[in-house]
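Participant: Next up, input30.cif (mmCIF, C-alpha atoms).
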```
data_my_file
#
loop_
_atom_site.label_atom_id
_atom_site.label_comp_id
_atom_site.auth_asym_id
_atom_site.auth_seq_id
_atom_site.Cartn_x
_atom_site.Cartn_y
_atom_site.Cartn_z
CA MET T 1 0.40 -10.06 -27.99
CA ALA T 2 0.12 -13.71 -26.96
CA GLU T 3 -2.61 -14.38 -24.42
CA GLN T 4 -0.24 -15.95 -21.91
CA ARG T 5 1.61 -12.61 -21.64
CA ARG T 6 -1.52 -10.63 -20.76
CA ILE T 7 -1.74 -9.61 -17.09
CA GLY T 8 -4.75 -8.13 -15.34
CA LEU T 9 -4.67 -5.44 -12.68
CA LEU T 10 -7.92 -6.07 -10.79
CA THR T 11 -9.14 -2.74 -9.45
CA PRO T 12 -12.35 -0.92 -8.47
CA PHE T 13 -11.29 2.12 -10.52
CA PHE T 14 -11.47 2.12 -14.32
CA GLN T 15 -8.49 4.37 -14.95
CA PRO T 16 -4.84 3.93 -15.95
CA ILE T 17 -2.22 3.17 -13.33
CA PRO T 18 0.78 4.93 -14.90
CA ALA T 19 3.41 3.47 -12.54
CA TYR T 20 3.00 0.04 -14.16
CA GLY T 21 3.20 1.08 -17.82
CA GLY T 22 7.00 1.28 -17.93
CA PRO T 23 7.53 -2.03 -16.09
CA ALA T 24 5.05 -3.76 -18.42
CA SER T 25 6.92 -2.45 -21.46
CA ARG T 26 10.28 -3.61 -20.11
CA LEU T 27 8.86 -7.09 -19.44
CA GLY T 28 7.08 -7.28 -22.78
CA VAL T 29 3.66 -7.94 -21.25
CA GLU T 30 0.26 -6.56 -22.16
CA LEU T 31 -1.30 -4.97 -19.11
CA ALA T 32 -5.07 -4.75 -18.70
CA ILE T 33 -6.94 -2.65 -16.14
CA VAL T 34 -9.88 -4.90 -15.17
CA THR T 35 -12.95 -3.90 -13.17
CA PRO T 36 -15.47 -6.62 -12.24
CA ARG T 37 -18.50 -4.94 -13.82
CA ARG T 38 -16.86 -4.92 -17.27
CA ILE T 39 -16.20 -8.68 -17.34
CA ASN T 40 -18.34 -10.72 -19.74
CA TRP T 41 -18.42 -14.06 -17.94
CA SER T 42 -20.12 -15.96 -20.75
CA THR T 43 -17.51 -15.06 -23.39
CA GLU T 44 -14.62 -14.86 -20.88
CA GLU T 45 -13.72 -11.42 -22.19
CA VAL T 46 -13.37 -8.02 -20.55
CA GLU T 47 -13.64 -4.43 -21.68
CA ALA T 48 -10.36 -3.11 -20.31
CA LEU T 49 -7.88 -0.30 -20.45
CA VAL T 50 -4.91 -1.95 -22.12
CA TRP T 51 -1.32 -0.73 -22.08
CA ASP T 52 0.02 -1.55 -25.53
CA GLY T 53 3.58 -0.47 -24.83
CA ALA T 54 3.04 3.18 -25.63
CA SER T 55 -0.40 4.24 -24.37
CA TRP T 56 -3.59 3.08 -22.64
CA GLN T 57 -6.31 1.97 -25.07
CA LEU T 58 -9.91 0.91 -24.47
CA ALA T 59 -10.29 -2.61 -25.87
CA THR T 60 -12.23 -5.83 -25.38
CA VAL T 61 -9.76 -8.66 -24.82
CA PRO T 62 -9.81 -12.25 -23.55
CA LEU T 63 -9.52 -12.47 -19.77
CA PRO T 64 -5.88 -12.38 -18.64
CA ARG T 65 -4.61 -15.67 -17.23
CA ALA T 66 -3.24 -14.04 -14.05
CA PHE T 67 -4.34 -11.06 -11.96
CA TYR T 68 -2.70 -8.71 -9.48
CA ASN T 69 -5.45 -7.64 -7.05
CA ARG T 70 -5.36 -3.90 -6.34
CA PHE T 71 -8.55 -3.73 -4.25
CA TYR T 72 -7.91 -2.57 -0.69
CA GLY T 73 -9.74 -4.68 1.81
CA PRO T 74 -10.86 -8.29 2.36
CA LYS T 75 -10.84 -10.85 -0.42
CA PRO T 76 -13.09 -9.51 -3.22
CA GLN T 77 -15.94 -11.83 -4.20
CA VAL T 78 -14.83 -11.65 -7.83
CA VAL T 79 -11.58 -13.49 -7.00
CA ASN T 80 -13.23 -16.88 -6.49
CA ARG T 81 -15.17 -16.53 -9.73
CA LEU T 82 -12.08 -15.54 -11.70
CA GLU T 83 -10.07 -18.42 -10.27
CA LEU T 84 -12.70 -20.87 -11.50
CA LEU T 85 -11.76 -19.72 -15.00
CA VAL T 86 -8.03 -19.00 -14.79
CA GLY T 87 -6.95 -21.41 -12.02
CA LYS T 88 -6.54 -21.50 -8.26
CA ASN T 89 -4.27 -18.77 -6.86
CA LYS T 90 -3.84 -17.17 -10.30
CA VAL T 91 -5.22 -14.02 -8.65
CA PHE T 92 -2.72 -12.93 -6.00
CA ASN T 93 -3.03 -10.63 -3.00
CA HIS T 94 -6.33 -12.20 -1.95
CA VAL T 95 -6.44 -9.95 1.13
CA THR T 96 -4.82 -6.51 1.17
CA ARG T 97 -6.18 -4.99 4.38
CA PHE T 98 -4.76 -7.18 7.09
CA ASP T 99 -6.34 -7.82 10.47
CA LYS T 100 -3.43 -7.15 12.83
CA LEU T 101 -4.69 -9.68 15.36
CA THR T 102 -4.95 -12.43 12.72
CA ILE T 103 -1.38 -11.70 11.62
CA HIS T 104 -0.14 -11.62 15.22
CA GLN T 105 -1.73 -14.99 15.92
CA ALA T 106 -0.22 -16.53 12.77
CA LEU T 107 3.27 -15.24 13.59
CA SER T 108 3.04 -16.12 17.29
CA ARG T 109 2.79 -19.83 16.42
CA SER T 110 6.26 -19.68 14.87
CA PRO T 111 9.88 -18.95 15.81
CA LEU T 112 9.07 -15.26 15.25
CA LEU T 113 7.30 -15.11 18.62
CA PRO T 114 10.27 -13.50 20.48
CA HIS T 115 10.09 -10.57 18.05
CA LEU T 116 6.39 -9.84 18.64
CA PRO T 117 5.14 -7.25 21.13
CA ARG T 118 2.44 -8.54 23.47
CA SER T 119 -0.83 -8.02 21.62
CA GLN T 120 -4.45 -8.94 22.24
CA ARG T 121 -7.99 -8.05 21.25
CA TYR T 122 -9.24 -4.99 23.07
CA SER T 123 -11.34 -5.50 26.16
CA PRO T 124 -11.61 -3.31 29.26
CA GLU T 125 -10.19 -6.16 31.38
CA GLY T 126 -7.32 -6.70 28.95
CA LEU T 127 -6.41 -3.02 28.89
CA ARG T 128 -6.45 -2.88 32.67
CA GLU T 129 -4.20 -5.95 32.89
CA LEU T 130 -1.64 -4.78 30.32
CA LEU T 131 -1.41 -1.30 31.82
CA LYS T 132 -0.76 -2.88 35.21
CA ASP T 133 1.94 -5.17 33.76
CA LEU T 134 3.58 -2.81 31.27
CA GLY T 135 2.69 0.74 32.26
CA GLU T 136 2.50 1.82 28.60
CA VAL T 137 0.44 0.35 25.75
CA ILE T 138 -0.61 1.19 22.21
CA LEU T 139 -4.32 1.11 21.35
CA LYS T 140 -5.16 1.00 17.64
CA PRO T 141 -7.70 -0.45 15.19
CA ARG T 142 -7.07 -4.02 14.06
CA THR T 143 -7.34 -2.95 10.41
CA GLY T 144 -5.37 -0.15 8.81
CA GLN T 145 -6.48 3.48 9.23
CA LEU T 146 -3.38 5.09 7.65
CA GLY T 147 -1.88 5.63 11.09
CA LEU T 148 -4.59 8.09 12.12
CA LEU T 149 -5.93 6.28 15.20
CA ILE T 150 -2.87 5.12 17.11
CA TYR T 151 -3.09 6.01 20.79
CA LEU T 152 -0.37 5.71 23.41
CA ILE T 153 -1.75 5.15 26.92
CA ARG T 154 0.60 5.67 29.85
CA LYS T 155 0.00 4.95 33.53
CA ARG T 156 1.77 7.45 35.77
CA GLY T 157 1.04 6.65 39.40
CA LYS T 158 -2.73 6.83 39.79
CA LYS T 159 -3.12 8.99 36.67
CA VAL T 160 -3.52 7.72 33.12
CA LEU T 161 -2.33 9.81 30.16
CA VAL T 162 -3.61 9.40 26.59
CA HIS T 163 -1.46 10.54 23.66
CA HIS T 164 -2.51 10.85 20.04
CA GLY T 165 0.56 11.12 17.84
CA THR T 166 2.59 13.41 20.09
CA GLN T 167 4.44 13.26 23.38
CA SER T 168 1.97 15.77 24.85
CA PRO T 169 -1.16 14.06 26.20
CA ILE T 170 -4.58 14.90 24.78
CA ALA T 171 -6.34 13.69 27.92
CA THR T 172 -5.49 12.92 31.54
CA PHE T 173 -7.62 10.68 33.78
CA GLY T 174 -7.63 10.08 37.50
CA GLY T 175 -7.46 6.32 37.00
CA VAL T 176 -8.12 3.41 34.69
CA ASP T 177 -11.85 3.43 35.43
CA GLU T 178 -12.16 6.98 34.08
CA LEU T 179 -10.16 5.99 31.00
CA LEU T 180 -12.43 3.01 30.34
CA THR T 181 -15.51 5.22 30.58
CA TRP T 182 -13.96 7.57 28.02
CA LEU T 183 -13.25 4.62 25.72
CA GLU T 184 -16.74 3.11 25.91
CA GLU T 185 -17.96 4.71 22.68
CA ALA T 186 -14.66 4.48 20.81
CA ALA T 187 -12.93 1.14 21.42
CA ASP T 188 -14.37 -2.35 21.01
CA SER T 189 -13.24 -5.80 19.87
CA GLY T 190 -12.27 -4.24 16.52
CA TRP T 191 -9.30 -2.66 18.31
CA LEU T 192 -5.96 -4.07 19.39
CA ILE T 193 -3.93 -3.51 22.55
CA GLN T 194 -0.20 -3.79 21.93
CA GLN T 195 2.90 -3.48 24.06
CA PHE T 196 4.57 -0.10 23.55
CA ILE T 197 8.18 -0.42 22.37
CA PRO T 198 10.52 2.50 23.16
CA ALA T 199 12.20 2.76 19.76
CA ALA T 200 15.81 3.64 19.05
CA ALA T 201 16.39 7.14 17.75
CA ILE T 202 18.57 9.10 15.36
CA ASP T 203 19.34 12.61 16.59
CA GLY T 204 16.43 12.43 19.01
CA ARG T 205 13.95 11.15 16.43
CA ILE T 206 12.70 7.56 16.54
CA PHE T 207 12.77 5.52 13.34
CA ASP T 208 11.42 2.29 11.94
CA VAL T 209 12.52 -0.08 9.18
CA ARG T 210 10.19 -1.19 6.40
CA ILE T 211 11.20 -4.21 4.34
CA LEU T 212 9.27 -4.84 1.13
CA VAL T 213 9.17 -8.53 0.18
CA GLN T 214 7.75 -9.65 -3.16
CA LYS T 215 7.57 -12.82 -5.17
CA ASP T 216 9.86 -12.89 -8.19
CA ALA T 217 9.67 -14.33 -11.69
CA ALA T 218 10.15 -17.82 -10.24
CA GLY T 219 7.42 -17.39 -7.62
CA THR T 220 9.93 -17.12 -4.74
CA TRP T 221 9.72 -14.55 -1.94
CA GLN T 222 12.60 -12.06 -2.11
CA PRO T 223 13.42 -8.81 -0.29
CA SER T 224 12.93 -6.01 -2.83
CA GLY T 225 13.74 -2.88 -0.87
CA ALA T 226 14.28 -1.40 2.57
CA LEU T 227 13.68 2.07 3.93
CA SER T 228 13.42 3.85 7.25
CA ARG T 229 10.90 6.46 8.27
CA VAL T 230 12.30 8.98 10.74
CA ALA T 231 9.63 10.47 12.97
CA LEU T 232 8.95 14.07 13.79
CA ARG T 233 10.85 15.03 16.94
CA TYR T 234 7.72 15.26 19.10
CA SER T 235 6.10 12.01 17.89
CA TYR T 236 6.18 8.39 19.08
CA ILE T 237 5.06 7.04 15.66
CA THR T 238 6.65 7.25 12.22
CA ASN T 239 3.54 7.40 10.03
CA VAL T 240 4.01 11.13 9.55
CA SER T 241 7.71 11.29 8.83
CA HIS T 242 10.42 13.89 9.11
CA ALA T 243 12.48 12.01 6.51
CA ILE T 244 12.71 8.75 4.59
CA LEU T 245 16.18 7.20 4.47
CA PRO T 246 17.72 4.02 3.11
CA ALA T 247 17.33 1.51 5.94
CA ALA T 248 21.03 0.66 5.92
CA ARG T 249 21.94 4.30 6.53
CA ALA T 250 19.48 4.73 9.41
CA LEU T 251 20.59 1.51 11.06
CA GLU T 252 24.26 2.44 10.74
CA GLN T 253 23.64 5.83 12.34
CA ALA T 254 21.76 4.30 15.27
CA PHE T 255 23.86 1.14 15.71
CA PRO T 256 27.25 1.67 14.04
CA GLU T 257 28.72 -1.55 15.45
CA THR T 258 26.02 -3.96 14.23
CA SER T 259 24.69 -4.97 10.81
CA PHE T 260 20.96 -5.62 11.27
CA LEU T 261 19.71 -5.59 7.69
CA PRO T 262 20.37 -9.26 6.77
CA GLN T 263 18.48 -10.44 9.86
CA LEU T 264 15.60 -8.05 9.16
CA GLU T 265 15.33 -9.36 5.61
CA GLU T 266 15.33 -12.95 6.82
CA LEU T 267 12.59 -12.22 9.37
CA SER T 268 10.56 -10.43 6.68
CA LEU T 269 10.65 -13.45 4.39
CA LYS T 270 9.44 -15.73 7.19
CA ALA T 271 6.68 -13.28 8.11
CA ALA T 272 5.47 -13.05 4.50
CA GLN T 273 5.30 -16.84 4.21
CA LEU T 274 3.33 -17.11 7.45
CA ALA T 275 0.94 -14.35 6.40
CA GLU T 276 0.28 -16.10 3.11
CA GLY T 277 -0.41 -19.34 4.96
CA ALA T 278 -3.00 -17.56 7.10
CA LEU T 279 -4.68 -15.39 4.46
CA GLY T 280 -4.32 -17.05 1.06
CA SER T 281 -2.39 -16.18 -2.07
CA LEU T 282 -0.09 -13.16 -1.67
CA GLY T 283 2.59 -11.66 -3.89
CA GLU T 284 3.89 -8.74 -1.84
CA VAL T 285 3.96 -7.68 1.79
CA SER T 286 5.81 -4.98 3.69
CA VAL T 287 7.02 -5.68 7.21
CA ASP T 288 7.50 -2.82 9.66
CA PHE T 289 10.12 -3.23 12.38
CA CYS T 290 11.44 -1.12 15.15
CA LEU T 291 14.57 -1.68 17.16
CA ASP T 292 14.37 -0.77 20.81
CA THR T 293 17.03 1.19 22.63
CA ALA T 294 18.88 -2.05 23.46
CA GLY T 295 18.94 -3.13 19.81
CA LYS T 296 16.27 -5.83 20.04
CA ILE T 297 14.24 -6.34 16.85
CA TRP T 298 10.46 -6.06 17.06
CA ILE T 299 7.91 -6.77 14.33
CA ILE T 300 5.32 -4.01 14.62
CA GLU T 301 2.98 -4.88 11.76
CA LEU T 302 2.58 -6.21 8.21
CA ASN T 303 0.96 -4.32 5.34
CA GLY T 304 -0.87 -6.09 2.53
CA LYS T 305 -0.99 -3.15 0.10
CA PRO T 306 2.38 -1.46 0.56
CA MET T 307 2.81 2.11 -0.61
CA LYS T 308 5.57 1.48 -3.14
CA SER T 309 5.76 5.17 -4.04
CA MET T 310 7.60 5.72 -0.73
CA PHE T 311 10.67 4.12 -2.27
CA GLY T 312 10.80 6.95 -4.80
CA ALA T 313 11.92 9.24 -1.97
CA LEU T 314 15.21 7.34 -1.83
CA GLY T 315 16.18 8.49 -5.34
CA ALA T 316 17.28 4.98 -6.35
CA THR T 317 16.10 4.35 -9.91
CA GLU T 318 16.87 0.63 -10.03
CA LEU T 319 15.13 0.07 -6.69
CA VAL T 320 11.97 1.78 -7.91
CA LYS T 321 12.03 -0.25 -11.12
CA ARG T 322 12.35 -3.46 -9.12
CA VAL T 323 9.48 -2.82 -6.71
CA TYR T 324 7.05 -2.09 -9.56
CA GLU T 325 8.29 -4.81 -11.90
CA SER T 326 8.29 -7.64 -9.36
CA PRO T 327 4.48 -8.07 -9.12
CA LEU T 328 4.23 -8.14 -12.92
CA SER T 329 7.08 -10.66 -13.13
CA TYR T 330 5.27 -12.85 -10.62
CA ALA T 331 1.99 -12.53 -12.54
CA LEU T 332 3.83 -13.55 -15.70
CA HIS T 333 5.12 -16.59 -13.82
CA LEU T 334 1.55 -17.47 -12.85
CA CYS T 335 0.45 -17.18 -16.49
CA SER T 336 2.83 -19.93 -17.52
CA SER T 337 2.52 -22.16 -14.44
CA VAL T 338 0.15 -25.11 -14.23
CA GLY T 339 -2.60 -24.54 -11.67
#
```
Output the structure of this file as C-alpha cells.
Facilitator:
Amino acid sequence: MAEQRRIGLLTPFFQPIPAYGGPASRLGVELAIVTPRRINWSTEEVEALVWDGASWQLATVPLPRAFYNRFYGPKPQVVNRLELLVGKNKVFNHVTRFDKLTIHQALSRSPLLPHLPRSQRYSPEGLRELLKDLGEVILKPRTGQLGLLIYLIRKRGKKVLVHHGTQSPIATFGGVDELLTWLEEAADSGWLIQQFIPAAAIDGRIFDVRILVQKDAAGTWQPSGALSRVALRYSYITNVSHAILPAARALEQAFPETSFLPQLEELSLKAAQLAEGALGSLGEVSVDFCLDTAGKIWIIELNGKPMKSMFGALGATELVKRVYESPLSYALHLCSSVG
C-alpha cells in the first residue's frame, strides 16, 4: 500500500486495537500500531502490528506520515521527535488528559463564559469563599480520575455535609474549619472547586449530554455523535449511569418545548477549537453539558480521550462507524497535507 495511506496509532501497548480494523479497511488505509521503543530513528522505520485489511501482521515498515496519539496523559516526548520527521502537527491529540483548570481558563476568555460554572484552583480560602457564596460546590481533581473522586460539599446552617457519589452524606462537620482539617491530607492545588449545578432530570434521574466532536477528512471540526447518560436515582453525577440514551431523546423528554441539540453542537465546536488553541494539535474532543432545572446550558468539562465505545450502547451502526472512522479520515488528510 502506498506510504501516504499508512496511518500510525501511537500507543504504549503493542497489541491490536480491533475497533479500528474495520474503519481502516473501509477507508483503504494501512493501519500500524506503533510503540516508541520499536521505532528505528536512523532508518525511519518501525516494527509494527499492521492491519492489512484482513488481519494484524508483525512487519517492519516505513514510519507512517501521520499519527493518532492513543497515549492517555500529557504530550508524550516521542511526539516532538516524530514531528521533526513527519511534519508539525502530523501527530494529533498532543494532550489527552486535560487539566480542567487550563480548559476552564481557555474557555473563560471567550463568549462561552456564560456557560461555565464558577471554577478555581483549590485552596482553603477559596473553598470557604465559594461555600459562603454558593452553599454547594463540587470538589474534584483537575485531571481525570474516571469520575471516582467527585465530592459534593453542602453548607446547611452551621453544618457542612460531604457527599461522595450519592445524596446521602459520607461525613458531617460542625463547620468549615472542621471540613478543612479533614481535607488537609486529601486536597491541594491539584484539585478544582466548581459551582454545583442542579441538573434537570428525567423521571427523577439527572442526566447530562455528551457531544463528540472530531475533525473530518478535510480537517474541519464536526459534531460526530451525541448521547445522554442518565444517573442512578440516588446520585448527583452521571459517571455511573442507569442508562445511555440518544441525546435528542433525553432532551425531548426533559424539555419537550425546546430543541437544544443544535446549540449544544455549536457550543461543542467552539469549545474544541479553544481547547486546541490552548493545548496543541487535537483531532477529537467530547464536551459534557448539563442543563439546569431552568433550561440553562452549562459546560461541565471536556475530555481529550473520549470513550467512543459508549456510543455502541445506542445501537446505531452508522453512528459507531462514523466515530471510529473520523480520526482515521483526519489522519489520512494529514498524510496528504503540506506541513
Participant: Neighbouring residues of Lys321 in chain T were defined as those with any atom within 12 Å, considering all atoms listed in the file; residues of the same chain fewer than 2 positions away were excluded. Please report them as a ChimeraX atom specification.
Facilitator: /T:19-27,224-225,308-309,311-312,315-319,323-329
Participant: Taking into account only C-alpha atoms, which residue in the set T:Leu282, T:Leu212, T:Ala200, T:Met307 is nearest to Ser268 in chain T?
Facilitator: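 Of all the options, T:Leu212 lies closest to Ser268 in chain T.
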Participant: For Glu184 in chain T, which residue among T:Gly73, T:Pro124, T:Pro18, T:Gly135 is the nearest when counting all atoms listed in the file?
Facilitator: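 Distance minimum relative to Glu184 in chain T lands on T:Pro124.
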Participant: The centre and edge lengths of an axis-aligned box containing all atoms of range 97-104 of chain T present in the file, extended by 8 Å on each side, are to be given in Å to one decimal, as lines of an AutoDock Vina configuration file.
Facilitator:
```
center_x = -3.2
center_y = -8.7
center_z = 9.9
size_x = 22.2
size_y = 23.4
size_z = 27.0
```
Participant: Please measure the separation of CA of Glu30 in chain T and CA of Arg6 in chain T, giving the value in Å to one decimal.
Facilitator: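 For CA of Glu30 in chain T relative to CA of Arg6 in chain T, the distance reads 4.7 Å.
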Participant: What gap, in Å, lies between CA of Arg322 in chain T and CA of Ile211 in chain T?
Facilitator: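 Those two atoms sit 13.5 Å apart.
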Participant: If I take CA of Ala331 in chain T and CA of Pro262 in chain T, how far is one from the other in Å, to one decimal?
Facilitator: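 About the pair CA of Ala331 in chain T and CA of Pro262 in chain T: they are 26.9 Å apart.
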Participant: Measuring atom to atom with all atoms listed in the file, identify which of T:Ile138, T:Leu245, T:Leu152, T:Val213 is nearest to Gln195 in chain T.
Facilitator: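 For Gln195 in chain T, the nearest of the candidates is T:Ile138.
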Participant: Would you mind telling me which residue in T:Ser55, T:Thr238, T:Ser281, T:Asn69 lies nearest to Pro36 in chain T when using all atoms listed in the file?
Facilitator: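 Using all atoms listed in the file, the shortest distance to Pro36 in chain T belongs to T:Asn69.
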Participant: Quick one: of T:Cys335, T:Ala254, T:Val78, T:Leu130, who's nearest to Thr35 in chain T, counting only C-alpha atoms?
Facilitator: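 Closest to Thr35 in chain T of all the choices is T:Val78.
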Participant: Using all atoms listed in the file, determine which residues lie at most 8 Å from Glu284 in chain T, disregarding the query and same-chain residues fewer than 6 positions distant; provide the list as an mmCIF file with C-alpha atoms, in the coordinates of the input.
Facilitator:
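And here's selection_26.cif as it stands now:
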```
data_model
loop_
_atom_site.group_PDB
_atom_site.id
_atom_site.type_symbol
_atom_site.label_atom_id
_atom_site.label_comp_id
_atom_site.auth_asym_id
_atom_site.auth_seq_id
_atom_site.Cartn_x
_atom_site.Cartn_y
_atom_site.Cartn_z
ATOM 1 C CA ASN T 93 -3.030 -10.630 -3.000
ATOM 2 C CA LEU T 212 9.270 -4.840 1.130
ATOM 3 C CA VAL T 213 9.170 -8.530 0.180
ATOM 4 C CA GLN T 214 7.750 -9.650 -3.160
ATOM 5 C CA LYS T 215 7.570 -12.820 -5.170
ATOM 6 C CA ALA T 272 5.470 -13.050 4.500
ATOM 7 C CA GLY T 304 -0.870 -6.090 2.530
ATOM 8 C CA LYS T 305 -0.990 -3.150 0.100
ATOM 9 C CA PRO T 306 2.380 -1.460 0.560
ATOM 10 C CA PRO T 327 4.480 -8.070 -9.120
#
```
Participant: Sorted by chain and rising residue number, which residues of range 14-70 of chain T lie within 8 Å of range 82-87 of chain T, and what are their closest atom pairs and distances in Å to one decimal, counting all atoms listed in the file, as a tab-separated table?
Facilitator:
```
residue	atom	partner	partner_atom	distance
T:Pro64	CA	T:Val86	CA	8.0
T:Arg65	CA	T:Val86	CA	5.4
T:Ala66	CA	T:Val86	CA	6.9
```
Participant: Can you list, as a list in words, the residues that the PyMOL selection byres ((chain T and resi 105-109) around 10) selects here?
Facilitator: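 Going through the file, the PyMOL selection byres ((chain T and resi 105-109) around 10) ends up selecting Lys100, Leu101, Thr102, Ile103, His104, Ser110, Pro111, Leu112, Leu113, Pro114, His115, Leu116, Pro117, Arg118, Ser119, Gln120, Lys270, Ala271, Ala272, Gln273, Leu274, Ala275, Glu276, Gly277, Ala278, Leu279 and Ile299 of chain T.
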Participant: Quick one: residues within 9 Å of Ala250 in chain T, all atoms listed in the file counted, chain neighbours fewer than 4 positions away excluded, as a ChimeraX atom specification?
Facilitator: /T:202,207-209,227-230,245-246,254-255
Participant: For a quick check of your reading of the model, name the residues lying within 10 Å of the coordinate (4.6, 7.2, 15.5), counting all atoms listed in the file, and write them as an NGL selection string.
Facilitator: :T and (147-148 or 150-152 or 164-167 or 199 or 206-208 or 229-232 or 234-241)
Participant: Would you kindly translate the PyMOL selection byres ((chain T and resi 33) around 9) into the concrete residues it picks from this file, as a list in words?
Facilitator: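 Applied to this file, the PyMOL selection byres ((chain T and resi 33) around 9) selects Ile7, Gly8, Leu9, Leu10, Thr11, Phe13, Phe14, Gln15, Pro16, Ile17, Leu31, Ala32, Val34, Thr35, Glu47, Ala48, Leu49, Val50 and Trp51 of chain T.
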Participant: Using only C-alpha atoms, find the one residue out of T:Val287, T:Ala187, T:Leu139, T:Leu334 that sits nearest to Ala217 in chain T.
Facilitator: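 Closest residue, counting only C-alpha atoms: T:Leu334.
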Participant: Exactly which residues make up the result of the PyMOL selection byres ((chain T and resi 156) around 10) on this file, given as a list of chain:residue names?
Facilitator: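 Applied to this file, the PyMOL selection byres ((chain T and resi 156) around 10) returns T:Gly135, T:Glu136, T:Ile153, T:Arg154, T:Lys155, T:Gly157, T:Lys158, T:Lys159, T:Val160, T:Leu161, T:Gly174, T:Gly175.
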Participant: Any chance you could export the current selection's C-alpha atoms as a PDB file, in the coordinates of the input?
Facilitator:
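As a result, selection32.pdb now contains:
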```pdb
ATOM      1  CA  GLY T 135       2.690   0.740  32.260  1.00  0.00           C
ATOM      2  CA  GLU T 136       2.500   1.820  28.600  1.00  0.00           C
ATOM      3  CA  ILE T 153      -1.750   5.150  26.920  1.00  0.00           C
ATOM      4  CA  ARG T 154       0.600   5.670  29.850  1.00  0.00           C
ATOM      5  CA  LYS T 155       0.000   4.950  33.530  1.00  0.00           C
ATOM      6  CA  GLY T 157       1.040   6.650  39.400  1.00  0.00           C
ATOM      7  CA  LYS T 158      -2.730   6.830  39.790  1.00  0.00           C
ATOM      8  CA  LYS T 159      -3.120   8.990  36.670  1.00  0.00           C
ATOM      9  CA  VAL T 160      -3.520   7.720  33.120  1.00  0.00           C
ATOM     10  CA  LEU T 161      -2.330   9.810  30.160  1.00  0.00           C
ATOM     11  CA  GLY T 174      -7.630  10.080  37.500  1.00  0.00           C
ATOM     12  CA  GLY T 175      -7.460   6.320  37.000  1.00  0.00           C
TER      13      GLY T 175
END
```
Participant: Take range 161-165 of chain T, model all heavy atoms, and hand the result over as a short mmCIF file (atom, residue, chain, number, x, y, z; two decimals), keeping the file's coordinate frame.
Facilitator:
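File written: result18.cif
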```
data_model
loop_
_atom_site.label_atom_id
_atom_site.label_comp_id
_atom_site.auth_asym_id
_atom_site.auth_seq_id
_atom_site.Cartn_x
_atom_site.Cartn_y
_atom_site.Cartn_z
N LEU T 161 -2.47 8.82 31.22
CA LEU T 161 -2.33 9.81 30.16
C LEU T 161 -2.61 9.16 28.81
O LEU T 161 -2.18 8.03 28.55
CB LEU T 161 -0.92 10.40 30.15
CG LEU T 161 -0.34 10.87 31.50
CD1 LEU T 161 1.06 11.42 31.30
CD2 LEU T 161 -1.24 11.91 32.12
N VAL T 162 -3.33 9.88 27.95
CA VAL T 162 -3.61 9.40 26.59
C VAL T 162 -2.95 10.34 25.59
O VAL T 162 -3.16 11.56 25.65
CB VAL T 162 -5.13 9.33 26.33
CG1 VAL T 162 -5.40 8.88 24.89
CG2 VAL T 162 -5.80 8.38 27.31
N HIS T 163 -2.16 9.77 24.69
CA HIS T 163 -1.46 10.54 23.66
C HIS T 163 -2.01 10.14 22.30
O HIS T 163 -2.34 8.97 22.05
CB HIS T 163 0.04 10.24 23.69
CG HIS T 163 0.69 10.53 25.01
ND1 HIS T 163 1.47 11.65 25.23
CD2 HIS T 163 0.68 9.85 26.19
CE1 HIS T 163 1.91 11.64 26.48
NE2 HIS T 163 1.45 10.55 27.08
N HIS T 164 -2.08 11.12 21.40
CA HIS T 164 -2.51 10.85 20.04
C HIS T 164 -1.49 11.46 19.07
O HIS T 164 -1.63 12.59 18.63
CB HIS T 164 -3.90 11.41 19.78
CG HIS T 164 -4.48 11.03 18.46
ND1 HIS T 164 -5.42 11.78 17.80
CD2 HIS T 164 -4.22 9.96 17.65
CE1 HIS T 164 -5.73 11.21 16.65
NE2 HIS T 164 -5.02 10.11 16.54
N GLY T 165 -0.44 10.70 18.82
CA GLY T 165 0.56 11.12 17.84
C GLY T 165 1.70 11.93 18.40
O GLY T 165 2.75 12.02 17.76
#
```
